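Shown next: start13.tsv, containing TSV, C-alpha atoms.
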chain	number	residue	atom	x	y	z
O	1	MET	CA	-45.56	-3.11	-66.84
O	2	GLY	CA	-48.04	-1.75	-69.17
O	3	VAL	CA	-50.90	0.41	-69.98
O	4	GLU	CA	-54.32	-1.15	-70.18
O	5	ILE	CA	-56.78	0.37	-72.68
O	6	GLU	CA	-60.15	-1.18	-72.15
O	7	ARG	CA	-63.78	-0.56	-73.01
O	8	LYS	CA	-66.64	-2.11	-71.13
O	9	TYR	CA	-70.26	-2.86	-72.10
O	10	LEU	CA	-73.35	-4.34	-70.55
O	11	VAL	CA	-74.45	-7.66	-72.07
O	12	ASN	CA	-77.90	-8.58	-73.39
O	13	LYS	CA	-78.46	-11.95	-71.75
O	14	VAL	CA	-80.99	-13.30	-74.22
O	15	ARG	CA	-78.80	-12.65	-77.23
O	16	TRP	CA	-75.78	-13.86	-75.27
O	17	GLU	CA	-77.50	-17.18	-74.57
O	18	GLN	CA	-78.22	-17.55	-78.29
O	19	SER	CA	-74.58	-16.96	-79.21
O	20	GLY	CA	-72.08	-19.77	-79.06
O	21	LYS	CA	-70.62	-18.54	-75.74
O	22	GLY	CA	-67.13	-19.99	-75.33
O	23	ARG	CA	-65.08	-21.74	-72.71
O	24	ARG	CA	-65.49	-20.35	-69.19
O	25	ARG	CA	-63.41	-20.24	-66.05
O	26	PHE	CA	-64.47	-19.60	-62.48
O	27	TYR	CA	-62.76	-16.64	-60.79
O	28	ARG	CA	-62.62	-15.58	-57.19
O	29	GLN	CA	-61.06	-12.17	-56.67
O	30	GLY	CA	-60.62	-9.67	-53.88
O	31	TYR	CA	-58.87	-6.40	-53.19
O	32	ILE	CA	-56.01	-5.86	-50.74
O	33	LEU	CA	-56.32	-2.18	-51.60
O	34	SER	CA	-59.13	-0.43	-53.39
O	35	ASP	CA	-59.27	3.33	-53.63
O	36	PRO	CA	-60.07	5.67	-56.53
O	37	ILE	CA	-56.44	6.03	-57.63
O	38	LYS	CA	-55.01	2.54	-57.15
O	39	THR	CA	-56.01	-1.07	-56.55
O	40	VAL	CA	-54.15	-4.24	-55.54
O	41	ARG	CA	-56.13	-7.29	-56.64
O	42	VAL	CA	-55.78	-11.01	-55.92
O	43	ARG	CA	-57.37	-13.27	-58.53
O	44	LEU	CA	-57.68	-17.04	-58.26
O	45	SER	CA	-58.99	-19.38	-60.96
O	46	ASP	CA	-59.02	-23.17	-61.11
O	47	THR	CA	-55.69	-23.18	-62.90
O	48	GLU	CA	-53.74	-20.07	-61.89
O	49	ALA	CA	-53.51	-17.00	-59.67
O	50	PHE	CA	-52.36	-13.43	-60.10
O	51	LEU	CA	-51.54	-10.35	-58.09
O	52	THR	CA	-52.43	-7.23	-60.07
O	53	ILE	CA	-51.73	-3.57	-59.37
O	54	LYS	CA	-53.73	-1.00	-61.31
O	55	GLY	CA	-53.61	2.78	-61.36
O	56	GLN	CA	-56.28	5.36	-61.91
O	57	THR	CA	-58.51	4.98	-64.99
O	58	ILE	CA	-58.27	8.01	-67.25
O	59	GLY	CA	-60.65	7.67	-70.18
O	60	ALA	CA	-60.10	4.08	-71.24
O	61	ILE	CA	-56.41	3.98	-70.18
O	62	ARG	CA	-54.97	2.52	-67.01
O	63	LEU	CA	-51.51	1.54	-65.71
O	64	GLU	CA	-51.45	-2.19	-64.93
O	65	TYR	CA	-48.87	-4.59	-63.47
O	66	GLU	CA	-49.64	-8.28	-63.17
O	67	TYR	CA	-47.66	-11.05	-61.46
O	68	SER	CA	-48.33	-14.76	-61.37
O	69	ILE	CA	-48.36	-16.13	-57.81
O	70	PRO	CA	-48.86	-19.62	-56.31
O	71	LYS	CA	-52.55	-20.58	-56.02
O	72	GLU	CA	-52.17	-21.58	-52.38
O	73	GLU	CA	-50.81	-18.12	-51.50
O	74	ALA	CA	-53.63	-16.45	-53.44
O	75	LYS	CA	-56.11	-18.37	-51.25
O	76	GLU	CA	-54.36	-17.17	-48.10
O	77	LEU	CA	-54.27	-13.59	-49.38
O	78	LEU	CA	-58.00	-13.72	-50.21
O	79	ASP	CA	-58.77	-15.10	-46.75
O	80	ASN	CA	-56.51	-12.82	-44.72
O	81	PHE	CA	-56.09	-9.57	-46.67
O	82	CYS	CA	-59.32	-9.04	-48.63
O	83	SER	CA	-62.54	-8.03	-46.91
O	84	SER	CA	-64.99	-8.58	-49.79
O	85	ILE	CA	-64.74	-11.16	-52.54
O	86	ILE	CA	-66.18	-11.25	-56.05
O	87	ALA	CA	-67.11	-14.52	-57.73
O	88	LYS	CA	-67.77	-14.76	-61.46
O	89	TYR	CA	-67.57	-16.89	-64.55
O	90	ARG	CA	-65.38	-15.45	-67.27
O	91	TYR	CA	-65.96	-16.38	-70.92
O	92	GLU	CA	-63.50	-15.59	-73.68
O	93	VAL	CA	-65.09	-14.97	-77.06
O	94	GLN	CA	-63.39	-14.20	-80.34
O	95	TYR	CA	-65.34	-11.67	-82.45
O	96	GLY	CA	-63.74	-10.41	-85.65
O	97	ASP	CA	-60.05	-10.20	-84.77
O	98	LYS	CA	-60.73	-9.20	-81.17
O	99	LEU	CA	-60.97	-11.20	-77.96
O	100	TRP	CA	-63.88	-10.26	-75.71
O	101	GLU	CA	-63.98	-11.15	-72.04
O	102	VAL	CA	-67.51	-11.61	-70.76
O	103	ASP	CA	-68.08	-11.75	-67.01
O	104	GLU	CA	-71.16	-13.42	-65.57
O	105	PHE	CA	-71.17	-12.33	-61.95
O	106	LEU	CA	-72.29	-14.63	-59.14
O	107	GLU	CA	-73.37	-14.39	-55.50
O	108	ASP	CA	-74.01	-10.76	-54.47
O	109	ASN	CA	-73.53	-9.57	-58.04
O	110	GLU	CA	-75.73	-12.22	-59.67
O	111	GLY	CA	-77.74	-10.85	-62.59
O	112	LEU	CA	-74.96	-8.60	-63.87
O	113	MET	CA	-73.10	-9.43	-67.09
O	114	VAL	CA	-70.36	-7.21	-68.46
O	115	ALA	CA	-68.19	-7.54	-71.58
O	116	GLU	CA	-64.71	-6.04	-71.88
O	117	ILE	CA	-62.43	-5.55	-74.85
O	118	GLU	CA	-58.77	-4.60	-74.69
O	119	LEU	CA	-57.52	-2.14	-77.31
O	120	VAL	CA	-54.16	-1.16	-78.73
O	121	ASN	CA	-55.02	2.54	-78.64
O	122	GLU	CA	-57.96	4.66	-77.55
O	123	GLN	CA	-58.97	5.56	-81.12
O	124	GLU	CA	-59.13	1.97	-82.34
O	125	THR	CA	-62.46	0.95	-83.90
O	126	PHE	CA	-63.92	-2.56	-83.77
O	127	PRO	CA	-67.22	-4.33	-84.57
O	128	LEU	CA	-69.71	-4.83	-81.71
O	129	PRO	CA	-71.26	-8.29	-81.25
O	130	ASP	CA	-75.08	-8.21	-81.19
O	131	TRP	CA	-75.12	-9.29	-77.52
O	132	VAL	CA	-73.41	-6.04	-76.49
O	133	GLU	CA	-75.56	-3.24	-75.09
O	134	ARG	CA	-74.73	0.13	-73.50
O	135	GLU	CA	-71.09	1.14	-72.93
O	136	VAL	CA	-70.20	1.60	-69.23
O	137	THR	CA	-66.43	2.20	-69.48
O	138	ASP	CA	-66.70	5.50	-67.56
O	139	GLU	CA	-69.12	4.32	-64.86
O	140	PRO	CA	-67.20	3.56	-61.66
O	141	LYS	CA	-70.00	1.48	-60.16
O	142	TYR	CA	-69.17	-1.22	-62.73
O	143	TYR	CA	-65.50	-1.41	-61.66
O	144	ASN	CA	-64.90	-4.80	-60.06
O	145	ALA	CA	-63.27	-3.08	-57.08
O	146	ASN	CA	-66.54	-1.22	-56.48
O	147	LEU	CA	-68.73	-4.27	-57.12
O	148	ALA	CA	-66.83	-5.97	-54.29
O	149	VAL	CA	-68.07	-3.43	-51.74
O	150	HIS	CA	-71.30	-2.22	-53.43
O	151	PRO	CA	-72.56	-5.35	-55.17
O	152	TYR	CA	-75.12	-5.28	-57.98
O	153	LYS	CA	-77.90	-6.81	-55.86
O	154	SER	CA	-77.71	-3.84	-53.46
O	155	TRP	CA	-78.25	-1.24	-56.21
O	156	LYS	CA	-81.54	0.61	-56.31
O	157	ASP	CA	-83.00	1.32	-59.76
X	1	MET	CA	-47.00	-19.19	-47.09
X	2	GLY	CA	-44.82	-17.24	-44.90
X	3	VAL	CA	-44.82	-16.15	-41.34
X	4	GLU	CA	-42.11	-13.70	-40.49
X	5	ILE	CA	-40.78	-13.78	-36.91
X	6	GLU	CA	-38.46	-10.88	-36.43
X	7	ARG	CA	-36.81	-8.90	-33.64
X	8	LYS	CA	-35.45	-5.42	-34.12
X	9	TYR	CA	-32.79	-3.44	-32.23
X	10	LEU	CA	-31.18	-0.04	-32.36
X	11	VAL	CA	-27.51	-0.07	-33.33
X	12	ASN	CA	-24.60	1.57	-31.50
X	13	LYS	CA	-22.82	3.34	-34.34
X	14	VAL	CA	-19.39	3.57	-32.71
X	15	ARG	CA	-19.22	-0.14	-31.96
X	16	TRP	CA	-20.76	-0.89	-35.35
X	17	GLU	CA	-17.96	1.08	-37.09
X	18	GLN	CA	-15.40	-0.94	-35.13
X	19	SER	CA	-16.94	-4.24	-36.21
X	20	GLY	CA	-16.11	-5.74	-39.56
X	21	LYS	CA	-19.41	-4.62	-41.11
X	22	GLY	CA	-20.09	-6.73	-44.16
X	23	ARG	CA	-21.17	-6.29	-47.74
X	24	ARG	CA	-23.87	-3.68	-48.28
X	25	ARG	CA	-26.55	-3.01	-50.83
X	26	PHE	CA	-28.47	0.15	-51.59
X	27	TYR	CA	-32.26	-0.13	-51.27
X	28	ARG	CA	-35.02	2.18	-52.34
X	29	GLN	CA	-38.44	1.19	-51.09
X	30	GLY	CA	-41.91	2.62	-50.96
X	31	TYR	CA	-45.42	1.60	-49.96
X	32	ILE	CA	-48.37	1.20	-52.30
X	33	LEU	CA	-50.42	0.58	-49.17
X	34	SER	CA	-49.50	1.24	-45.60
X	35	ASP	CA	-52.01	0.92	-42.82
X	36	PRO	CA	-51.80	-0.65	-39.35
X	37	ILE	CA	-53.07	-4.04	-40.51
X	38	LYS	CA	-51.44	-4.52	-43.92
X	39	THR	CA	-48.73	-3.12	-46.16
X	40	VAL	CA	-47.80	-3.56	-49.82
X	41	ARG	CA	-44.15	-2.68	-50.34
X	42	VAL	CA	-42.00	-2.18	-53.47
X	43	ARG	CA	-38.27	-2.67	-52.90
X	44	LEU	CA	-35.57	-2.01	-55.48
X	45	SER	CA	-31.87	-2.77	-55.06
X	46	ASP	CA	-29.05	-2.58	-57.61
X	47	THR	CA	-29.54	-6.21	-58.50
X	48	GLU	CA	-33.17	-7.15	-57.89
X	49	ALA	CA	-36.68	-6.00	-56.97
X	50	PHE	CA	-39.55	-7.37	-54.91
X	51	LEU	CA	-43.19	-6.78	-54.20
X	52	THR	CA	-43.99	-7.72	-50.60
X	53	ILE	CA	-47.31	-8.00	-48.79
X	54	LYS	CA	-47.25	-8.07	-45.00
X	55	GLY	CA	-50.00	-8.43	-42.44
X	56	GLN	CA	-50.36	-7.06	-38.95
X	57	THR	CA	-47.46	-7.54	-36.55
X	58	ILE	CA	-48.54	-9.50	-33.47
X	59	GLY	CA	-45.66	-9.76	-31.02
X	60	ALA	CA	-42.76	-10.66	-33.28
X	61	ILE	CA	-44.89	-12.58	-35.82
X	62	ARG	CA	-46.16	-11.34	-39.13
X	63	LEU	CA	-47.69	-12.87	-42.29
X	64	GLU	CA	-45.47	-12.14	-45.27
X	65	TYR	CA	-45.66	-12.83	-49.02
X	66	GLU	CA	-42.83	-11.81	-51.30
X	67	TYR	CA	-42.62	-11.85	-55.11
X	68	SER	CA	-39.68	-11.05	-57.35
X	69	ILE	CA	-40.58	-8.48	-60.02
X	70	PRO	CA	-38.65	-6.85	-62.89
X	71	LYS	CA	-36.49	-3.91	-61.74
X	72	GLU	CA	-37.89	-1.59	-64.41
X	73	GLU	CA	-41.43	-2.22	-63.17
X	74	ALA	CA	-40.34	-1.64	-59.57
X	75	LYS	CA	-39.05	1.79	-60.64
X	76	GLU	CA	-42.37	2.61	-62.29
X	77	LEU	CA	-44.31	1.41	-59.24
X	78	LEU	CA	-42.12	3.53	-56.92
X	79	ASP	CA	-42.64	6.58	-59.16
X	80	ASN	CA	-46.37	6.19	-59.79
X	81	PHE	CA	-47.84	4.31	-56.82
X	82	CYS	CA	-45.75	5.25	-53.76
X	83	SER	CA	-45.96	8.70	-52.21
X	84	SER	CA	-42.96	8.54	-49.87
X	85	ILE	CA	-39.74	6.62	-50.43
X	86	ILE	CA	-37.15	5.25	-48.01
X	87	ALA	CA	-33.48	4.99	-48.98
X	88	LYS	CA	-31.03	2.90	-46.96
X	89	TYR	CA	-27.93	0.78	-47.05
X	90	ARG	CA	-28.47	-2.77	-45.88
X	91	TYR	CA	-25.59	-4.80	-44.44
X	92	GLU	CA	-25.77	-8.53	-43.86
X	93	VAL	CA	-23.70	-9.75	-40.94
X	94	GLN	CA	-23.25	-13.30	-39.71
X	95	TYR	CA	-23.08	-13.52	-35.89
X	96	GLY	CA	-23.01	-16.96	-34.29
X	97	ASP	CA	-25.25	-19.03	-36.56
X	98	LYS	CA	-27.59	-16.14	-37.26
X	99	LEU	CA	-27.77	-13.62	-40.08
X	100	TRP	CA	-28.36	-10.03	-38.98
X	101	GLU	CA	-29.64	-7.37	-41.34
X	102	VAL	CA	-28.42	-3.90	-40.40
X	103	ASP	CA	-30.09	-0.89	-42.02
X	104	GLU	CA	-28.29	2.44	-42.23
X	105	PHE	CA	-31.01	4.87	-43.23
X	106	LEU	CA	-30.37	7.77	-45.60
X	107	GLU	CA	-32.00	11.03	-46.63
X	108	ASP	CA	-34.90	11.97	-44.30
X	109	ASN	CA	-34.04	9.07	-41.97
X	110	GLU	CA	-30.29	9.72	-41.84
X	111	GLY	CA	-28.82	9.07	-38.40
X	112	LEU	CA	-30.98	6.02	-37.71
X	113	MET	CA	-29.48	2.51	-37.69
X	114	VAL	CA	-31.55	-0.56	-36.96
X	115	ALA	CA	-30.61	-4.25	-36.82
X	116	GLU	CA	-33.07	-7.08	-37.48
X	117	ILE	CA	-32.85	-10.79	-36.92
X	118	GLU	CA	-35.24	-13.38	-38.30
X	119	LEU	CA	-36.17	-16.26	-35.99
X	120	VAL	CA	-37.61	-19.74	-36.40
X	121	ASN	CA	-39.93	-19.32	-33.43
X	122	GLU	CA	-40.75	-16.59	-30.94
X	123	GLN	CA	-39.03	-18.37	-28.04
X	124	GLU	CA	-35.71	-18.87	-29.82
X	125	THR	CA	-32.67	-17.46	-28.00
X	126	PHE	CA	-29.56	-16.08	-29.68
X	127	PRO	CA	-26.41	-14.13	-28.77
X	128	LEU	CA	-26.48	-10.34	-29.19
X	129	PRO	CA	-23.55	-8.65	-30.99
X	130	ASP	CA	-21.94	-5.86	-28.93
X	131	TRP	CA	-23.11	-3.23	-31.43
X	132	VAL	CA	-26.76	-3.99	-30.60
X	133	GLU	CA	-28.57	-1.66	-28.20
X	134	ARG	CA	-32.20	-1.39	-27.10
X	135	GLU	CA	-34.85	-3.70	-28.62
X	136	VAL	CA	-37.55	-1.82	-30.58
X	137	THR	CA	-39.52	-4.75	-32.04
X	138	ASP	CA	-42.80	-3.47	-30.57
X	139	GLU	CA	-42.34	0.22	-31.39
X	140	PRO	CA	-44.35	1.10	-34.51
X	141	LYS	CA	-42.43	4.30	-35.19
X	142	TYR	CA	-39.48	2.11	-36.26
X	143	TYR	CA	-41.54	0.22	-38.84
X	144	ASN	CA	-40.22	1.11	-42.29
X	145	ALA	CA	-43.77	1.88	-43.43
X	146	ASN	CA	-43.98	4.52	-40.69
X	147	LEU	CA	-40.47	5.86	-41.32
X	148	ALA	CA	-41.60	6.56	-44.89
X	149	VAL	CA	-44.24	9.04	-43.72
X	150	HIS	CA	-42.79	10.13	-40.33
X	151	PRO	CA	-39.05	10.07	-40.97
X	152	TYR	CA	-36.46	9.97	-38.20
X	153	LYS	CA	-35.27	13.53	-38.80
X	154	SER	CA	-38.78	14.84	-38.03
X	155	TRP	CA	-38.93	13.16	-34.59
X	156	LYS	CA	-38.75	15.32	-31.51
X	157	ASP	CA	-36.72	13.96	-28.59

Step by step, read the file and then write its structure as C-alpha cells.
Amino acid sequence: MGVEIERKYLVNKVRWEQSGKGRRRFYRQGYILSDPIKTVRVRLSDTEAFLTIKGQTIGAIRLEYEYSIPKEEAKELLDNFCSSIIAKYRYEVQYGDKLWEVDEFLEDNEGLMVAEIELVNEQETFPLPDWVEREVTDEPKYYNANLAVHPYKSWKD
Amino acid sequence: MGVEIERKYLVNKVRWEQSGKGRRRFYRQGYILSDPIKTVRVRLSDTEAFLTIKGQTIGAIRLEYEYSIPKEEAKELLDNFCSSIIAKYRYEVQYGDKLWEVDEFLEDNEGLMVAEIELVNEQETFPLPDWVEREVTDEPKYYNANLAVHPYKSWKD
C-alpha cells in the first residue's frame, strides 16, 4: 500500500567523501517488469529481500507496494526472471530530521551517485546537504529501471 | 522455490452437476504482467489474497512463487495495475488421494469449466473423475492469463 513521494539529486563525490557517510549495504536488484507505467522489482541485500511493485511517477508521487520475500527466492527470481541487474551500495544518512538514501552504483553504472529523500507531501521543504547537486527527480534516465537497461557507462555526454 | 507441475482438463458440466461438487470460493484475479515467458498475477478471494509470479510452462512444469498480501492492497493492485480481470468460482474436490481444483468461469468467460490437478512429478499417474473430459494442459488459450485478454465468449468455434 502506499504512495511514495520522493525527490532525487545527483551527488558531488568530493564533498560526499568529506562527509561522514554512514553505514552501507550492498544491493542487487532487477526488474521482472519495467515499462513506463509500472515496474515489478526484486531487491536482494545481505540481510533481506523484497518484491516491489511501483506505478507511474507523476511529479514526485508514485504508487508503491512492497513485500518481504525469502532471500533464496529473490536470488532465483533475479536469475530466472530479470534480464538486467543493477548492483549498488546504499548509504543511509540522517540530515536535519530527514533520512537520505545515497546510492553509489557499481558495475555498468559505476561513476554515478544519486541521493533520494522521501517526503510526506509534495510541498514539504527540507535542508539540502552540501554534497547534493542538481535535482533529477523528473529525469527518467536516472530511474533504476532505466539504468538496468541503459546503464550510466553507456551514456554519451 | 517452487516448481508447479499441473495438468488441466475440460469439465463435463452435466456430470459435474451430478457429482457432489464441494465447497467453492469466489476469485477475482488480474495480471500485472502477462507475456509468454512470465506472468505476475494478483488473486483476491473473500478470505485472502496472493501475488504470484510464474515462469514459462514447459510440458506440465512451471516455476512458481507465491506471496500472501493484504486483501486491501490486492484490490488496489487489481484496480490500478491490471487491465483485464477474471472472475470465477473455484471448487476443491478430493478424488482418490488427489485434490482437484475446478474453475467455473464467470462474466466474459461464462460457460467455460476447467479442472486442474497438481502433481509431484510429470510421470505420476492418477484416476480421472467421470466429469473430466479432454486434456488441455498444452493449449495456451486456456491459460488464465490468456482468458483475461481473449475471453471464452469471444472465441469462434

**Asked** Near Lys21 in chain O, counting only C-alpha atoms, which residues have an atom at most 9 Å away, once you skip same-chain residues fewer than 6 positions from it, shown as an NGL selection string?
**Response** :O and (91-93)

**Item:** All residues 9 Å or closer to range 142-151 of chain X, only C-alpha atoms, same chain fewer than 6 positions away omitted, as a ChimeraX atom specification
**Value:** /X:8,29-31,33-35,39,41,83-86,108-110,114,136

**Request:** Name the residues, using the chain letters and numbers of the file, that sit within 12 Å of (-17.9, -3.3, -35.9) when counting only C-alpha atoms, and give them as a list in words.
**Result:**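 The requested residues, written out, are Val11, Asn12, Lys13, Val14, Arg15, Trp16, Glu17, Gln18, Ser19, Gly20, Lys21, Gly22, Tyr91, Val93, Gln94, Tyr95, Val102, Pro129, Asp130, Trp131 and Val132 of chain X.
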
**Request:** Go ahead and compute the interatomic distance for CA of Pro70 in chain X and CA of Leu51 in chain X, in Å to one decimal.
**Result:**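 So the answer is 9.8 Å.
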
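Between CA of Glu4 in chain O and CA of Ile32 in chain X the interatomic distance comes to 19.0 Å.
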
**Item:** Residue list for chain O near chain X as a VMD selection string, 8 Å, all atoms listed in the file
**Value:** chain O and resid 1 33 38 55 65 67 69 72 to 73 76 81

May I have the residues from that selection written out with C-alpha atoms, as a tab-separated table (two decimals), in the coordinates of the input?
chain	number	residue	atom	x	y	z
O	1	MET	CA	-45.56	-3.11	-66.84
O	33	LEU	CA	-56.32	-2.18	-51.60
O	38	LYS	CA	-55.01	2.54	-57.15
O	55	GLY	CA	-53.61	2.78	-61.36
O	65	TYR	CA	-48.87	-4.59	-63.47
O	67	TYR	CA	-47.66	-11.05	-61.46
O	69	ILE	CA	-48.36	-16.13	-57.81
O	72	GLU	CA	-52.17	-21.58	-52.38
O	73	GLU	CA	-50.81	-18.12	-51.50
O	76	GLU	CA	-54.36	-17.17	-48.10
O	81	PHE	CA	-56.09	-9.57	-46.67

**Prompt:** What separation in Å, quoted to one decimal, exists between CA of Asn121 in chain O and CA of Glu139 in chain O?
**Reply:**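 Taking CA of Asn121 in chain O as the start and CA of Glu139 in chain O as the end point, the length is 19.8 Å.
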
**Request:** With only C-alpha atoms counted, which protein, DNA or RNA residues have an atom no more than 8 Å from (-57.4, -6.4, -75.6) in the file frame? Please answer as a PyMOL selection string.
**Result:** chain O and resi 5-6+98-100+117-120
